[in-house]
Amino acid sequence: MNLERKIGLDMHLPDGKLPGFYAQIVKGIADRAPLFDRFKELLVFDSEESIPSVLELLAHYRVPSERCELVLLPSEELEQGELYEDYAIVTRNENIFVDLALVALFSLDAAKPDAEPAPALLQLKEHLIGSLTENGLVIHLIDRQLAELAERIAKAYGCAVEWRY
């Protein structure tokens with residue numbers, strides 16, 4: 001399975017509205033654009049073409065939203081790390097997403113003769129959100145703010161980091 005990018009709109013629904021208010025918005029969105037998935041107030045779309053009409057509807061209801069870039073992770077190939085629960089968005093449909101504003105995906109390149117990827121991964125393990133294999137390549141997920149740390153650890157062990165997202 002290839003990693004798929006998705007577009008998210010994180011709605012900020014006003015407090016004190018009747019439950020039907022949210023349902024009315026979701027129905028209006030469904031009439032305008034195909035919804036791939038949703039999680040609480042996060043709407044997930046397949047394509048960029050859906051976004052303008054949805055933003056128009058949200059503006060009509062005076063519901064602010066923030067756009068986010070998501071990656072759909074293959075659940076059957078995902079090995080969860082210690083920080084998985086803090087970053088993974090698991091929907092009712094059991095789709096797993098990560099927000100690219102928070103999470104970076106990388107692989108270790110151990111092509112140098114003196115490279116030691118096993119100890120590098122051991123040192124990175126406590127910081128990993130998870131790992132998965134895509135087309136035979138192991139991809140690791142880490143907090144985006146720790147990207148520089150991942151680079152330093154990899155370099156210390158003769159490896160290089162290849163950023164995927």
# chains A, B, ... in the order shown; residues from 1 in each chain; ligands from 1

call {"tool": "residues_around", "arguments": {"residues": "stretch 92-104 of chain A", "least_positions_apart": "6", "cutoff": "6 Å", "atoms": "only C-alpha atoms", "output": "short mmCIF file (atom, residue, chain, number, x, y, z; two decimals) with all heavy atoms, in the first residue's frame"}}
result
data_model
loop_
_atom_site.label_atom_id
_atom_site.label_comp_id
_atom_site.auth_asym_id
_atom_site.auth_seq_id
_atom_site.Cartn_x
_atom_site.Cartn_y
_atom_site.Cartn_z
N GLU A 69 -2.69 19.01 6.31
CA GLU A 69 -2.22 17.98 5.39
C GLU A 69 -2.09 16.69 6.20
O GLU A 69 -1.41 16.66 7.22
CB GLU A 69 -0.87 18.36 4.80
CG GLU A 69 -0.87 19.65 4.00
CD GLU A 69 -1.70 19.57 2.74
OE1 GLU A 69 -1.70 18.51 2.09
OE2 GLU A 69 -2.34 20.57 2.40
N LEU A 70 -2.75 15.65 5.74
CA LEU A 70 -2.78 14.38 6.44
C LEU A 70 -2.16 13.28 5.59
O LEU A 70 -2.15 13.36 4.36
CB LEU A 70 -4.22 13.98 6.77
CG LEU A 70 -5.05 15.00 7.55
CD1 LEU A 70 -6.51 14.56 7.59
CD2 LEU A 70 -4.50 15.17 8.96
N VAL A 71 -1.67 12.25 6.25
CA VAL A 71 -1.21 11.05 5.56
C VAL A 71 -2.00 9.88 6.14
O VAL A 71 -2.11 9.73 7.36
CB VAL A 71 0.30 10.81 5.74
CG1 VAL A 71 0.71 9.46 5.20
CG2 VAL A 71 1.10 11.90 5.06
N LEU A 72 -2.57 9.10 5.24
CA LEU A 72 -3.29 7.88 5.62
C LEU A 72 -2.27 6.76 5.74
O LEU A 72 -1.54 6.47 4.80
CB LEU A 72 -4.33 7.55 4.55
CG LEU A 72 -5.10 6.24 4.70
CD1 LEU A 72 -5.91 6.22 5.99
CD2 LEU A 72 -6.02 6.03 3.49
N LEU A 73 -2.22 6.14 6.92
CA LEU A 73 -1.26 5.08 7.18
C LEU A 73 -1.91 3.71 7.02
O LEU A 73 -3.06 3.53 7.43
CB LEU A 73 -0.70 5.21 8.60
CG LEU A 73 -0.02 6.52 8.95
CD1 LEU A 73 0.37 6.54 10.42
CD2 LEU A 73 1.19 6.77 8.07
N LEU A 141 8.11 7.27 11.78
CA LEU A 141 7.37 8.49 12.05
C LEU A 141 7.91 9.10 13.34
O LEU A 141 8.10 8.39 14.34
CB LEU A 141 5.89 8.20 12.23
CG LEU A 141 5.13 7.73 11.00
CD1 LEU A 141 5.33 6.25 10.76
CD2 LEU A 141 3.66 8.00 11.16
N ILE A 142 8.17 10.41 13.31
CA ILE A 142 8.72 11.11 14.46
C ILE A 142 8.08 12.49 14.54
O ILE A 142 7.60 13.03 13.54
CB ILE A 142 10.27 11.22 14.33
CG1 ILE A 142 10.91 11.60 15.66
CG2 ILE A 142 10.67 12.15 13.21
CD1 ILE A 142 12.43 11.39 15.68
N ASP A 143 8.06 13.06 15.74
CA ASP A 143 7.56 14.42 15.91
C ASP A 143 8.40 15.34 15.03
O ASP A 143 9.64 15.26 15.01
CB ASP A 143 7.69 14.84 17.38
CG ASP A 143 7.10 16.21 17.65
OD1 ASP A 143 7.50 17.20 17.00
OD2 ASP A 143 6.23 16.30 18.53
N ARG A 144 7.75 16.19 14.27
CA ARG A 144 8.45 17.07 13.32
C ARG A 144 9.50 17.93 14.02
O ARG A 144 10.54 18.25 13.45
CB ARG A 144 7.42 17.94 12.58
CG ARG A 144 8.02 18.70 11.42
CD ARG A 144 6.97 19.22 10.46
NE ARG A 144 6.34 18.21 9.65
CZ ARG A 144 6.90 17.61 8.60
NH1 ARG A 144 8.12 17.89 8.24
NH2 ARG A 144 6.23 16.71 7.91
N TYR A 165 8.07 12.74 4.03
CA TYR A 165 7.07 13.81 4.18
C TYR A 165 7.50 14.68 5.31
O TYR A 165 8.03 14.25 6.29
CB TYR A 165 5.67 13.25 4.51
CG TYR A 165 4.98 12.55 3.36
CD1 TYR A 165 4.89 11.17 3.33
CD2 TYR A 165 4.41 13.28 2.34
CE1 TYR A 165 4.23 10.53 2.29
CE2 TYR A 165 3.75 12.64 1.30
CZ TYR A 165 3.67 11.26 1.28
OH TYR A 165 3.03 10.63 0.26
#

call {"tool": "residues_around", "arguments": {"residues": "stretch 58-63 of chain A", "least_positions_apart": "6", "cutoff": "12 Å", "atoms": "only C-alpha atoms", "output": "list in words"}}
result
Leu9, Asp10, Met11, His12, Leu13, Pro14, Asp15, Lys17, Phe21, Tyr22, Gln24, Ile25, Val26, Lys27, Gly28, Ile29, Arg32, Glu41, Leu43, Ile51 and Pro52 of chain A

call {"tool": "closest_residue", "arguments": {"among": "A:Asp31, A:Glu85, A:Arg38, A:Ala23", "to": "A:Gly8", "atoms": "only C-alpha atoms"}}
result
A:Arg38

call {"tool": "closest_residue", "arguments": {"among": "A:Gly158, A:Leu78, A:Tyr87, A:Arg152", "to": "A:Val138", "atoms": "only C-alpha atoms"}}
result
A:Leu78

call {"tool": "atom_distance", "arguments": {"atom1": "atom CA of A:Pro113", "atom2": "atom CA of A:Glu126"}}
result
26.0 Å

call {"tool": "select_by_dssp", "arguments": {"residues": "stretch 26-150 of chain A", "states": "helix (DSSP H, G or I)", "output": "count of residues only"}}
result
45

call {"tool": "closest_residue", "arguments": {"among": "A:Leu105, A:Ile153, A:Ile7, A:Ala110", "to": "A:Leu124", "atoms": "only C-alpha atoms"}}
result
A:Ile153

call {"tool": "select_by_dssp", "arguments": {"residues": "stretch 13-140 of chain A", "states": "strand (DSSP E)", "output": "NGL selection string"}}
result
:A and (35-39 or 42-45 or 65-73 or 78-80 or 89-90 or 96-99 or 103-109 or 128-134 or 137-140)

call {"tool": "closest_residue", "arguments": {"among": "A:Gly20, A:Lys6, A:Asp86, A:Ser131", "to": "A:Ser47", "atoms": "only C-alpha atoms"}}
result
A:Lys6

call {"tool": "closest_residue", "arguments": {"among": "A:Val44, A:Ala156, A:Leu128, A:Ala120", "to": "A:Ile89", "atoms": "only C-alpha atoms"}}
result
A:Val44

call {"tool": "residues_around", "arguments": {"residues": "A:Ala115", "least_positions_apart": "5", "cutoff": "9 Å", "atoms": "only C-alpha atoms", "output": "list in words"}}
result
Asp109, Ala110, Ala154, Lys155, Tyr157, Gly158, Cys159 and Ala160 of chain A

call {"tool": "write_last_selection", "arguments": {"atoms": "N, CA and C atoms", "output": "short mmCIF file (atom, residue, chain, number, x, y, z; two decimals), in the first residue's frame"}}
result
data_model
loop_
_atom_site.label_atom_id
_atom_site.label_comp_id
_atom_site.auth_asym_id
_atom_site.auth_seq_id
_atom_site.Cartn_x
_atom_site.Cartn_y
_atom_site.Cartn_z
N ASP A 109 19.12 5.76 5.61
CA ASP A 109 19.95 5.29 4.52
C ASP A 109 21.27 4.82 5.13
N ALA A 110 21.50 3.53 5.04
CA ALA A 110 22.71 2.95 5.62
C ALA A 110 23.66 2.47 4.52
N ALA A 154 21.34 9.78 13.33
CA ALA A 154 21.69 9.01 12.13
C ALA A 154 23.13 9.27 11.72
N LYS A 155 23.53 10.51 11.71
CA LYS A 155 24.89 10.87 11.31
C LYS A 155 25.93 10.26 12.25
N TYR A 157 25.90 7.53 13.62
CA TYR A 157 26.06 6.11 13.32
C TYR A 157 26.33 5.86 11.83
N GLY A 158 26.78 6.88 11.14
CA GLY A 158 27.17 6.73 9.74
C GLY A 158 26.00 6.58 8.78
N CYS A 159 24.82 6.92 9.22
CA CYS A 159 23.62 6.81 8.37
C CYS A 159 23.17 8.21 7.93
N ALA A 160 22.26 8.23 7.02
CA ALA A 160 21.65 9.49 6.60
C ALA A 160 20.13 9.33 6.70
#

call {"tool": "closest_residue", "arguments": {"among": "A:Arg5, A:Arg67, A:Lys125, A:Lys112", "to": "A:Gly81", "atoms": "only C-alpha atoms"}}
result
A:Lys125

call {"tool": "decode", "arguments": {"residues": "stretch 33-143 of chain A", "atoms": "C-alpha atoms", "output": "tab-separated table (two decimals), in the first residue's frame"}}
result
chain	number	residue	atom	x	y	z
A	33	ALA	CA	-18.18	17.20	-1.83
A	34	PRO	CA	-17.30	13.54	-1.32
A	35	LEU	CA	-16.11	13.09	2.25
A	36	PHE	CA	-13.38	10.44	2.58
A	37	ASP	CA	-13.67	10.18	6.36
A	38	ARG	CA	-14.13	12.25	9.49
A	39	PHE	CA	-13.04	12.30	13.12
A	40	LYS	CA	-14.98	14.49	15.53
A	41	GLU	CA	-14.70	17.97	13.93
A	42	LEU	CA	-12.00	16.94	11.43
A	43	LEU	CA	-13.25	16.38	7.88
A	44	VAL	CA	-11.03	14.40	5.51
A	45	PHE	CA	-11.15	14.80	1.73
A	46	ASP	CA	-9.42	13.02	-1.14
A	47	SER	CA	-8.83	16.03	-3.33
A	48	GLU	CA	-8.18	19.72	-3.34
A	49	GLU	CA	-11.18	20.32	-5.62
A	50	SER	CA	-13.56	19.65	-2.71
A	51	ILE	CA	-12.18	22.36	-0.45
A	52	PRO	CA	-13.54	25.65	-1.95
A	53	SER	CA	-17.21	24.61	-1.87
A	54	VAL	CA	-16.85	23.23	1.67
A	55	LEU	CA	-15.17	26.45	2.84
A	56	GLU	CA	-18.04	28.40	1.29
A	57	LEU	CA	-20.57	26.34	3.26
A	58	LEU	CA	-18.61	26.72	6.50
A	59	ALA	CA	-18.42	30.49	5.95
A	60	HIS	CA	-22.20	30.55	5.49
A	61	TYR	CA	-22.63	28.92	8.92
A	62	ARG	CA	-19.85	31.09	10.39
A	63	VAL	CA	-17.76	28.05	11.29
A	64	PRO	CA	-14.02	28.72	11.15
A	65	SER	CA	-11.75	25.91	10.08
A	66	GLU	CA	-8.09	25.14	9.63
A	67	ARG	CA	-6.70	23.23	6.71
A	68	CYS	CA	-4.28	20.40	7.44
A	69	GLU	CA	-2.22	17.98	5.39
A	70	LEU	CA	-2.78	14.38	6.44
A	71	VAL	CA	-1.21	11.05	5.56
A	72	LEU	CA	-3.29	7.88	5.62
A	73	LEU	CA	-1.26	5.08	7.18
A	74	PRO	CA	-1.74	1.40	6.35
A	75	SER	CA	-2.93	-0.15	9.63
A	76	GLU	CA	-1.87	-3.69	8.75
A	77	GLU	CA	1.76	-2.64	8.23
A	78	LEU	CA	2.05	-0.16	11.10
A	79	GLU	CA	4.15	-0.94	14.15
A	80	GLN	CA	3.12	1.44	16.90
A	81	GLY	CA	5.77	3.26	18.91
A	82	GLU	CA	5.50	4.57	22.45
A	83	LEU	CA	4.17	7.95	21.24
A	84	TYR	CA	1.58	6.52	18.81
A	85	GLU	CA	-1.45	7.43	20.94
A	86	ASP	CA	-0.32	11.08	21.11
A	87	TYR	CA	-0.21	11.57	17.32
A	88	ALA	CA	-2.41	9.03	15.54
A	89	ILE	CA	-5.93	10.01	14.48
A	90	VAL	CA	-7.99	6.82	14.35
A	91	THR	CA	-11.46	7.25	12.83
A	92	ARG	CA	-14.61	5.18	13.29
A	93	ASN	CA	-13.83	3.61	9.93
A	94	GLU	CA	-10.51	2.51	11.49
A	95	ASN	CA	-8.46	4.69	9.15
A	96	ILE	CA	-5.26	5.99	10.73
A	97	PHE	CA	-4.02	9.48	9.89
A	98	VAL	CA	-1.16	11.68	11.03
A	99	ASP	CA	-1.01	15.45	10.59
A	100	LEU	CA	2.06	16.53	8.62
A	101	ALA	CA	2.26	19.74	10.65
A	102	LEU	CA	3.17	17.54	13.64
A	103	VAL	CA	4.71	14.38	12.18
A	104	ALA	CA	7.63	13.79	9.82
A	105	LEU	CA	8.21	10.51	7.96
A	106	PHE	CA	11.70	9.31	7.16
A	107	SER	CA	13.82	6.31	6.29
A	108	LEU	CA	17.41	5.60	7.29
A	109	ASP	CA	19.95	5.29	4.52
A	110	ALA	CA	22.71	2.95	5.62
A	111	ALA	CA	24.56	2.84	2.30
A	112	LYS	CA	27.96	3.79	3.74
A	113	PRO	CA	30.22	0.83	4.59
A	114	ASP	CA	30.62	1.95	8.22
A	115	ALA	CA	26.90	2.65	8.75
A	116	GLU	CA	25.27	1.17	11.85
A	117	PRO	CA	21.49	1.46	11.38
A	118	ALA	CA	20.56	-0.91	14.24
A	119	PRO	CA	22.10	1.19	17.06
A	120	ALA	CA	20.80	4.37	15.39
A	121	LEU	CA	17.27	2.97	15.46
A	122	LEU	CA	17.72	1.80	19.03
A	123	GLN	CA	18.60	5.34	20.09
A	124	LEU	CA	15.70	6.80	18.05
A	125	LYS	CA	13.18	4.24	19.33
A	126	GLU	CA	11.99	6.25	22.35
A	127	HIS	CA	11.12	9.15	20.00
A	128	LEU	CA	9.32	7.14	17.31
A	129	ILE	CA	5.58	7.39	16.82
A	130	GLY	CA	5.67	4.28	14.70
A	131	SER	CA	7.23	2.48	11.76
A	132	LEU	CA	5.87	0.83	8.64
A	133	THR	CA	7.11	-0.85	5.51
A	134	GLU	CA	6.19	0.57	2.12
A	135	ASN	CA	7.43	-1.20	-1.02
A	136	GLY	CA	10.16	-2.91	0.99
A	137	LEU	CA	11.36	0.35	2.58
A	138	VAL	CA	11.02	0.89	6.34
A	139	ILE	CA	9.58	4.32	7.10
A	140	HIS	CA	9.64	5.82	10.60
A	141	LEU	CA	7.37	8.49	12.05
A	142	ILE	CA	8.72	11.11	14.46
A	143	ASP	CA	7.56	14.42	15.91
